[in-house]
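*Asks:* The file below is start23.pdb, PDB, C-alpha atoms:
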```pdb
MODEL        1
ATOM      1  CA  PRO A  65       0.000   0.000   0.000  1.00  0.00           C
ATOM      2  CA  SER A  66       1.264   3.448  -0.934  1.00  0.00           C
ATOM      3  CA  LYS A  67       1.641   6.177   1.658  1.00  0.00           C
ATOM      4  CA  LEU A  68      -0.043   9.271   0.258  1.00  0.00           C
ATOM      5  CA  GLU A  69       0.876  12.742   1.482  1.00  0.00           C
ATOM      6  CA  SER A  70      -2.562  13.339   2.965  1.00  0.00           C
ATOM      7  CA  GLY A  71      -1.678  10.799   5.691  1.00  0.00           C
ATOM      8  CA  ILE A  72       1.124  12.946   7.156  1.00  0.00           C
ATOM      9  CA  THR A  73       0.772  14.060  10.738  1.00  0.00           C
ATOM     10  CA  ALA A  74       3.630  16.522  10.685  1.00  0.00           C
ATOM     11  CA  GLY A  75       4.648  18.718  13.567  1.00  0.00           C
ATOM     12  CA  ALA A  76       5.424  22.407  13.713  1.00  0.00           C
ATOM     13  CA  GLY A  77       7.520  24.392  11.282  1.00  0.00           C
ATOM     14  CA  ARG A  78       6.655  22.453   8.149  1.00  0.00           C
ATOM     15  CA  VAL A  79       8.487  23.543   4.995  1.00  0.00           C
ATOM     16  CA  ARG A  80       7.930  22.120   1.512  1.00  0.00           C
ATOM     17  CA  TYR A  81      10.162  22.203  -1.532  1.00  0.00           C
ATOM     18  CA  ILE A  82       8.653  21.015  -4.827  1.00  0.00           C
ATOM     19  CA  THR A  83      10.686  20.503  -7.990  1.00  0.00           C
ATOM     20  CA  LYS A  84       9.454  21.376 -11.423  1.00  0.00           C
ATOM     21  CA  GLN A  85       7.827  18.638 -13.496  1.00  0.00           C
ATOM     22  CA  VAL A  86      10.387  16.431 -15.258  1.00  0.00           C
ATOM     23  CA  SER A  87       9.453  14.648 -18.498  1.00  0.00           C
ATOM     24  CA  LEU A  88      11.470  11.564 -19.416  1.00  0.00           C
ATOM     25  CA  ALA A  89      12.416  11.096 -23.081  1.00  0.00           C
ATOM     26  CA  ASP A  90      10.697   8.369 -25.098  1.00  0.00           C
ATOM     27  CA  GLY A  91      12.415   5.060 -24.426  1.00  0.00           C
ATOM     28  CA  PHE A  92      13.685   6.221 -21.008  1.00  0.00           C
ATOM     29  CA  GLU A  93      10.507   5.608 -19.007  1.00  0.00           C
ATOM     30  CA  SER A  94      11.090   4.431 -15.432  1.00  0.00           C
ATOM     31  CA  LYS A  95       9.506   2.036 -12.914  1.00  0.00           C
ATOM     32  CA  ASN A  96      11.226   3.461  -9.810  1.00  0.00           C
ATOM     33  CA  ILE A  97      13.223   6.464  -8.688  1.00  0.00           C
ATOM     34  CA  LYS A  98      16.101   7.136  -6.335  1.00  0.00           C
ATOM     35  CA  VAL A  99      16.288  10.534  -4.631  1.00  0.00           C
ATOM     36  CA  LEU A 100      19.579  11.294  -2.877  1.00  0.00           C
ATOM     37  CA  LEU A 101      19.700  14.024  -0.227  1.00  0.00           C
ATOM     38  CA  SER A 102      22.629  15.351   1.798  1.00  0.00           C
ATOM     39  CA  GLN A 103      20.674  16.003   4.948  1.00  0.00           C
ATOM     40  CA  TYR A 104      21.135  17.242   8.492  1.00  0.00           C
ATOM     41  CA  LYS A 105      18.337  15.767  10.630  1.00  0.00           C
ATOM     42  CA  PRO A 106      18.734  16.500  14.359  1.00  0.00           C
ATOM     43  CA  SER A 107      16.645  14.671  16.959  1.00  0.00           C
ATOM     44  CA  GLY A 108      13.084  16.014  17.101  1.00  0.00           C
ATOM     45  CA  THR A 109      12.895  16.735  13.356  1.00  0.00           C
ATOM     46  CA  ASN A 110      11.864  14.800  10.298  1.00  0.00           C
ATOM     47  CA  ILE A 111      12.411  14.795   6.533  1.00  0.00           C
ATOM     48  CA  GLN A 112      10.001  13.122   4.140  1.00  0.00           C
ATOM     49  CA  VAL A 113      10.251  12.778   0.362  1.00  0.00           C
ATOM     50  CA  PHE A 114       7.362  12.243  -2.057  1.00  0.00           C
ATOM     51  CA  ILE A 115       6.977  11.664  -5.792  1.00  0.00           C
ATOM     52  CA  LYS A 116       4.117  12.701  -8.037  1.00  0.00           C
ATOM     53  CA  GLN A 117       4.364  10.562 -11.149  1.00  0.00           C
ATOM     54  CA  GLN A 118       2.317   9.849 -14.222  1.00  0.00           C
ATOM     55  CA  ALA A 119       2.428   6.797 -16.444  1.00  0.00           C
ATOM     56  CA  ALA A 120       4.007   7.434 -19.836  1.00  0.00           C
ATOM     57  CA  ASN A 121       0.833   6.514 -21.735  1.00  0.00           C
ATOM     58  CA  LEU A 122      -1.538   8.859 -19.817  1.00  0.00           C
ATOM     59  CA  THR A 123      -2.628  12.271 -21.085  1.00  0.00           C
ATOM     60  CA  SER A 124      -4.736  13.365 -18.085  1.00  0.00           C
ATOM     61  CA  PRO A 125      -3.640  16.493 -16.166  1.00  0.00           C
ATOM     62  CA  PHE A 126      -0.417  15.858 -14.222  1.00  0.00           C
ATOM     63  CA  GLU A 127      -1.649  18.076 -11.366  1.00  0.00           C
ATOM     64  CA  ALA A 128      -4.410  15.538 -10.578  1.00  0.00           C
ATOM     65  CA  GLU A 129      -1.903  12.802  -9.657  1.00  0.00           C
ATOM     66  CA  PRO A 130      -1.331  12.148  -5.920  1.00  0.00           C
ATOM     67  CA  TYR A 131       2.017  12.380  -4.121  1.00  0.00           C
ATOM     68  CA  ILE A 132       3.371   9.013  -2.908  1.00  0.00           C
ATOM     69  CA  GLN A 133       5.871   8.821  -0.047  1.00  0.00           C
ATOM     70  CA  LEU A 134       9.338   7.394  -0.734  1.00  0.00           C
ATOM     71  CA  ASP A 135      11.139   5.226   1.842  1.00  0.00           C
ATOM     72  CA  PRO A 136      14.552   6.306   3.222  1.00  0.00           C
ATOM     73  CA  ASP A 137      17.476   3.869   3.519  1.00  0.00           C
ATOM     74  CA  ASP A 138      18.599   5.574   6.776  1.00  0.00           C
ATOM     75  CA  THR A 139      16.288   6.975   9.465  1.00  0.00           C
ATOM     76  CA  SER A 140      18.951   7.891  12.019  1.00  0.00           C
ATOM     77  CA  PHE A 141      19.385  11.385  13.431  1.00  0.00           C
ATOM     78  CA  SER A 142      22.437  13.611  12.962  1.00  0.00           C
ATOM     79  CA  THR A 143      24.784  13.648  15.943  1.00  0.00           C
ATOM     80  CA  SER A 144      26.506  17.029  15.482  1.00  0.00           C
ATOM     81  CA  ASN A 145      25.993  20.363  13.688  1.00  0.00           C
ATOM     82  CA  ASP A 146      28.130  19.303  10.718  1.00  0.00           C
ATOM     83  CA  ASP A 147      26.795  15.722  10.490  1.00  0.00           C
ATOM     84  CA  TYR A 148      25.276  15.736   6.985  1.00  0.00           C
ATOM     85  CA  LYS A 149      24.440  12.240   5.746  1.00  0.00           C
ATOM     86  CA  GLU A 150      23.676  11.144   2.207  1.00  0.00           C
ATOM     87  CA  VAL A 151      20.321   9.385   2.418  1.00  0.00           C
ATOM     88  CA  SER A 152      18.650   7.563  -0.465  1.00  0.00           C
ATOM     89  CA  TYR A 153      14.854   7.542  -0.856  1.00  0.00           C
ATOM     90  CA  SER A 154      12.946   5.255  -3.249  1.00  0.00           C
ATOM     91  CA  LEU A 155       9.591   3.545  -3.801  1.00  0.00           C
ATOM     92  CA  SER A 156       9.213   0.351  -1.757  1.00  0.00           C
ATOM     93  CA  THR A 157       8.036  -1.529  -4.877  1.00  0.00           C
ATOM     94  CA  ASP A 158       8.375  -0.820  -8.590  1.00  0.00           C
ATOM     95  CA  LEU A 159       5.497   0.866 -10.397  1.00  0.00           C
ATOM     96  CA  THR A 160       3.228  -1.364 -12.474  1.00  0.00           C
ATOM     97  CA  GLU A 161       3.258   1.125 -15.389  1.00  0.00           C
ATOM     98  CA  PRO A 162       6.461   2.982 -16.320  1.00  0.00           C
ATOM     99  CA  MET A 163       6.350   6.702 -15.527  1.00  0.00           C
ATOM    100  CA  GLY A 164       6.913   9.302 -18.193  1.00  0.00           C
ATOM    101  CA  GLN A 165       6.993  12.342 -15.926  1.00  0.00           C
ATOM    102  CA  PHE A 166       7.489  13.138 -12.273  1.00  0.00           C
ATOM    103  CA  ALA A 167       7.987  15.846  -9.647  1.00  0.00           C
ATOM    104  CA  ILE A 168       9.642  15.525  -6.226  1.00  0.00           C
ATOM    105  CA  LYS A 169       8.408  17.084  -2.971  1.00  0.00           C
ATOM    106  CA  ILE A 170      10.624  17.348   0.136  1.00  0.00           C
ATOM    107  CA  VAL A 171       8.901  18.088   3.461  1.00  0.00           C
ATOM    108  CA  LEU A 172      11.003  19.307   6.412  1.00  0.00           C
ATOM    109  CA  TYR A 173       9.496  19.777   9.873  1.00  0.00           C
ATOM    110  CA  CYS A 174      10.054  19.817  13.627  1.00  0.00           C
ATOM    111  CA  ASP A 175       8.203  17.288  15.780  1.00  0.00           C
ATOM    112  CA  GLY A 176       8.422  19.511  18.869  1.00  0.00           C
ATOM    113  CA  ALA A 177       6.592  22.583  20.123  1.00  0.00           C
ATOM    114  CA  PRO A 178       5.521  25.198  17.532  1.00  0.00           C
ATOM    115  CA  ASP A 179       7.838  27.801  19.044  1.00  0.00           C
ATOM    116  CA  ASN A 180      10.962  25.598  18.749  1.00  0.00           C
ATOM    117  CA  THR A 181      12.776  27.120  15.778  1.00  0.00           C
ATOM    118  CA  ALA A 182      16.298  26.446  17.063  1.00  0.00           C
ATOM    119  CA  THR A 183      16.316  22.821  15.898  1.00  0.00           C
ATOM    120  CA  ILE A 184      15.544  22.451  12.210  1.00  0.00           C
ATOM    121  CA  PRO A 185      16.409  19.876   9.547  1.00  0.00           C
ATOM    122  CA  LEU A 186      18.453  21.025   6.535  1.00  0.00           C
ATOM    123  CA  VAL A 187      19.112  19.683   3.042  1.00  0.00           C
ATOM    124  CA  ARG A 188      22.255  20.684   1.152  1.00  0.00           C
ATOM    125  CA  ASP A 189      21.588  19.113  -2.216  1.00  0.00           C
ATOM    126  CA  MET A 190      19.201  16.781  -4.000  1.00  0.00           C
ATOM    127  CA  ARG A 191      19.675  14.425  -6.922  1.00  0.00           C
ATOM    128  CA  ALA A 192      16.970  12.295  -8.552  1.00  0.00           C
ATOM    129  CA  ILE A 193      17.701   9.272 -10.735  1.00  0.00           C
ATOM    130  CA  ALA A 194      14.951   7.539 -12.725  1.00  0.00           C
ATOM    131  CA  LEU A 195      15.532   3.763 -12.565  1.00  0.00           C
ATOM    132  CA  ALA A 196      14.586   1.303 -15.308  1.00  0.00           C
TER     133      ALA A 196
ENDMDL
END
```
Re-express the file's structure as structure tokens.
*Replies:*
Amino acid sequence: PSKLESGITAGAGRVRYITKQVSLADGFESKNIKVLLSQYKPSGTNIQVFIKQQAANLTSPFEAEPYIQLDPDDTSFSTSNDDYKEVSYSLSTDLTEPMGQFAIKIVLYCDGAPDNTATIPLVRDMRAIALA
């Protein structure tokens, strides 16, 4: 079962970053994706990554597609201020129909009190790789 974004129960200080829509060239359609983030995630914060994708053969509006949560390969917290870790996010199972276009959403938030702005997660860079 896919984890859709509407199921998030995020804490305070939520920030979203959404990439532009990426269209894959004919013959390069993909059944999975790997998103790599260099992230700083102190205790009491969280980072979630989602994909909005559309099968290559569909012509319906891309905006109508839901966001699906990607699974991280490392859920540990950072241990110091300069402890950025490269974490890979991907779908837990391959798509049944190859995607022809996608967009990535990164959600950063604090699990603590709404007034706690001293502890925040950070992302230095993001790379997305469409997998065959």
*Asks:* By how many Å are atom CA of Ile115 of chain A and atom CA of Val79 of chain A apart?
*Replies:*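 So the answer is 16.1 Å.
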*Asks:* Could you give me, as a PyMOL selection string, the residues that sit within 10 Å of (6.7, 7.0, -5.6) in the file's coordinates, counting all atoms listed in the file?
*Replies:* chain A and resi 66-68+95-98+113-117+130-135+153-159+163+166-168
*Asks:* Apply the PyMOL selection byres ((chain A and resi 100) around 8) to the displayed file and report the matching residues as a short mmCIF file (atom, residue, chain, number, x, y, z; two decimals) with C-alpha atoms, in the coordinates of the input.
*Replies:*
```cif
data_model
loop_
_atom_site.label_atom_id
_atom_site.label_comp_id
_atom_site.auth_asym_id
_atom_site.auth_seq_id
_atom_site.Cartn_x
_atom_site.Cartn_y
_atom_site.Cartn_z
CA LYS A 98 16.10 7.14 -6.34
CA VAL A 99 16.29 10.53 -4.63
CA LEU A 101 19.70 14.02 -0.23
CA SER A 102 22.63 15.35 1.80
CA GLU A 150 23.68 11.14 2.21
CA VAL A 151 20.32 9.38 2.42
CA SER A 152 18.65 7.56 -0.46
CA TYR A 153 14.85 7.54 -0.86
CA MET A 190 19.20 16.78 -4.00
CA ARG A 191 19.68 14.42 -6.92
CA ALA A 192 16.97 12.30 -8.55
#
```
*Asks:* Take the PyMOL selection byres ((chain A and resi 139) around 10), apply it to the structure above, and return the hits as JSON, numbers by chain.
*Replies:* {"A": [105, 110, 111, 135, 136, 137, 138, 140, 141, 142, 151]}
*Asks:* Rounded to one decimal place, report the atom CA of Tyr173 of chain A-atom CA of Gln103 of chain A distance in Å.
*Replies:* 12.8 Å
*Asks:* Using all atoms listed in the file, can you tell me which of A:Asp175, A:Asp147, A:Asp189, A:Glu93 comes closest to Ala119 of chain A?
*Replies:* A:Glu93
*Asks:* Could you pull segment 146-174 of chain A out of the block above and give me N, CA, C and O atoms, as a short mmCIF file (atom, residue, chain, number, x, y, z; two decimals), in the first residue's frame?
*Replies:*
```
data_model
loop_
_atom_site.label_atom_id
_atom_site.label_comp_id
_atom_site.auth_asym_id
_atom_site.auth_seq_id
_atom_site.Cartn_x
_atom_site.Cartn_y
_atom_site.Cartn_z
N ASP A 146 27.60 19.49 12.07
CA ASP A 146 28.13 19.30 10.72
C ASP A 146 27.96 17.86 10.23
O ASP A 146 28.64 17.43 9.32
N ASP A 147 27.03 17.13 10.83
CA ASP A 147 26.79 15.72 10.49
C ASP A 147 25.74 15.61 9.39
O ASP A 147 24.59 15.28 9.64
N TYR A 148 26.15 15.92 8.14
CA TYR A 148 25.28 15.74 6.98
C TYR A 148 25.48 14.32 6.47
O TYR A 148 26.60 13.88 6.28
N LYS A 149 24.38 13.61 6.25
CA LYS A 149 24.44 12.24 5.75
C LYS A 149 23.78 12.19 4.38
O LYS A 149 22.77 12.85 4.15
N GLU A 150 24.34 11.37 3.48
CA GLU A 150 23.68 11.14 2.21
C GLU A 150 22.66 10.03 2.42
O GLU A 150 23.03 8.92 2.79
N VAL A 151 21.40 10.34 2.22
CA VAL A 151 20.32 9.39 2.42
C VAL A 151 19.61 9.19 1.09
O VAL A 151 19.33 10.15 0.37
N SER A 152 19.33 7.93 0.77
CA SER A 152 18.65 7.56 -0.46
C SER A 152 17.18 7.25 -0.17
O SER A 152 16.88 6.53 0.78
N TYR A 153 16.29 7.79 -0.97
CA TYR A 153 14.85 7.54 -0.86
C TYR A 153 14.38 6.89 -2.16
O TYR A 153 14.81 7.29 -3.24
N SER A 154 13.49 5.89 -2.05
CA SER A 154 12.95 5.25 -3.25
C SER A 154 11.58 4.64 -2.93
O SER A 154 11.19 4.54 -1.77
N LEU A 155 10.86 4.25 -3.97
CA LEU A 155 9.59 3.55 -3.80
C LEU A 155 9.87 2.16 -3.23
O LEU A 155 10.86 1.52 -3.60
N SER A 156 8.99 1.67 -2.36
CA SER A 156 9.21 0.35 -1.76
C SER A 156 9.05 -0.77 -2.78
O SER A 156 9.67 -1.81 -2.67
N THR A 157 8.20 -0.56 -3.80
CA THR A 157 8.04 -1.53 -4.88
C THR A 157 7.99 -0.78 -6.21
O THR A 157 7.59 0.39 -6.26
N ASP A 158 8.39 -1.44 -7.27
CA ASP A 158 8.37 -0.82 -8.59
C ASP A 158 6.94 -0.50 -9.01
O ASP A 158 5.99 -1.18 -8.61
N LEU A 159 6.80 0.51 -9.84
CA LEU A 159 5.50 0.87 -10.40
C LEU A 159 5.04 -0.20 -11.38
O LEU A 159 5.86 -0.84 -12.04
N THR A 160 3.74 -0.38 -11.52
CA THR A 160 3.23 -1.36 -12.47
C THR A 160 3.32 -0.83 -13.90
O THR A 160 3.54 -1.59 -14.83
N GLU A 161 3.13 0.48 -14.07
CA GLU A 161 3.26 1.13 -15.39
C GLU A 161 4.43 2.09 -15.34
O GLU A 161 4.54 2.89 -14.41
N PRO A 162 5.32 2.07 -16.32
CA PRO A 162 6.46 2.98 -16.32
C PRO A 162 6.02 4.45 -16.35
O PRO A 162 5.08 4.80 -17.06
N MET A 163 6.69 5.28 -15.56
CA MET A 163 6.35 6.70 -15.53
C MET A 163 7.05 7.44 -16.66
O MET A 163 8.17 7.12 -17.04
N GLY A 164 6.36 8.46 -17.15
CA GLY A 164 6.91 9.30 -18.19
C GLY A 164 7.27 10.69 -17.68
O GLY A 164 8.03 11.41 -18.29
N GLN A 165 6.68 11.06 -16.53
CA GLN A 165 6.99 12.34 -15.93
C GLN A 165 6.83 12.25 -14.42
O GLN A 165 6.07 11.42 -13.92
N PHE A 166 7.55 13.15 -13.73
CA PHE A 166 7.49 13.14 -12.27
C PHE A 166 7.88 14.50 -11.71
O PHE A 166 8.46 15.33 -12.39
N ALA A 167 7.54 14.69 -10.43
CA ALA A 167 7.99 15.85 -9.65
C ALA A 167 8.28 15.32 -8.24
O ALA A 167 7.65 14.35 -7.79
N ILE A 168 9.23 15.94 -7.57
CA ILE A 168 9.64 15.53 -6.23
C ILE A 168 9.22 16.60 -5.23
O ILE A 168 9.35 17.79 -5.51
N LYS A 169 8.73 16.17 -4.07
CA LYS A 169 8.41 17.08 -2.97
C LYS A 169 9.20 16.65 -1.74
O LYS A 169 9.20 15.47 -1.38
N ILE A 170 9.90 17.59 -1.11
CA ILE A 170 10.62 17.35 0.14
C ILE A 170 9.91 18.13 1.23
O ILE A 170 9.66 19.33 1.08
N VAL A 171 9.57 17.44 2.33
CA VAL A 171 8.90 18.09 3.46
C VAL A 171 9.84 18.02 4.66
O VAL A 171 10.29 16.94 5.04
N LEU A 172 10.14 19.19 5.24
CA LEU A 172 11.00 19.31 6.41
C LEU A 172 10.16 19.85 7.55
O LEU A 172 9.43 20.83 7.37
N TYR A 173 10.26 19.25 8.75
CA TYR A 173 9.50 19.78 9.87
C TYR A 173 10.08 19.36 11.21
O TYR A 173 10.86 18.42 11.30
N CYS A 174 9.67 20.09 12.24
CA CYS A 174 10.05 19.82 13.63
C CYS A 174 8.91 19.06 14.28
O CYS A 174 7.75 19.42 14.09
#
```
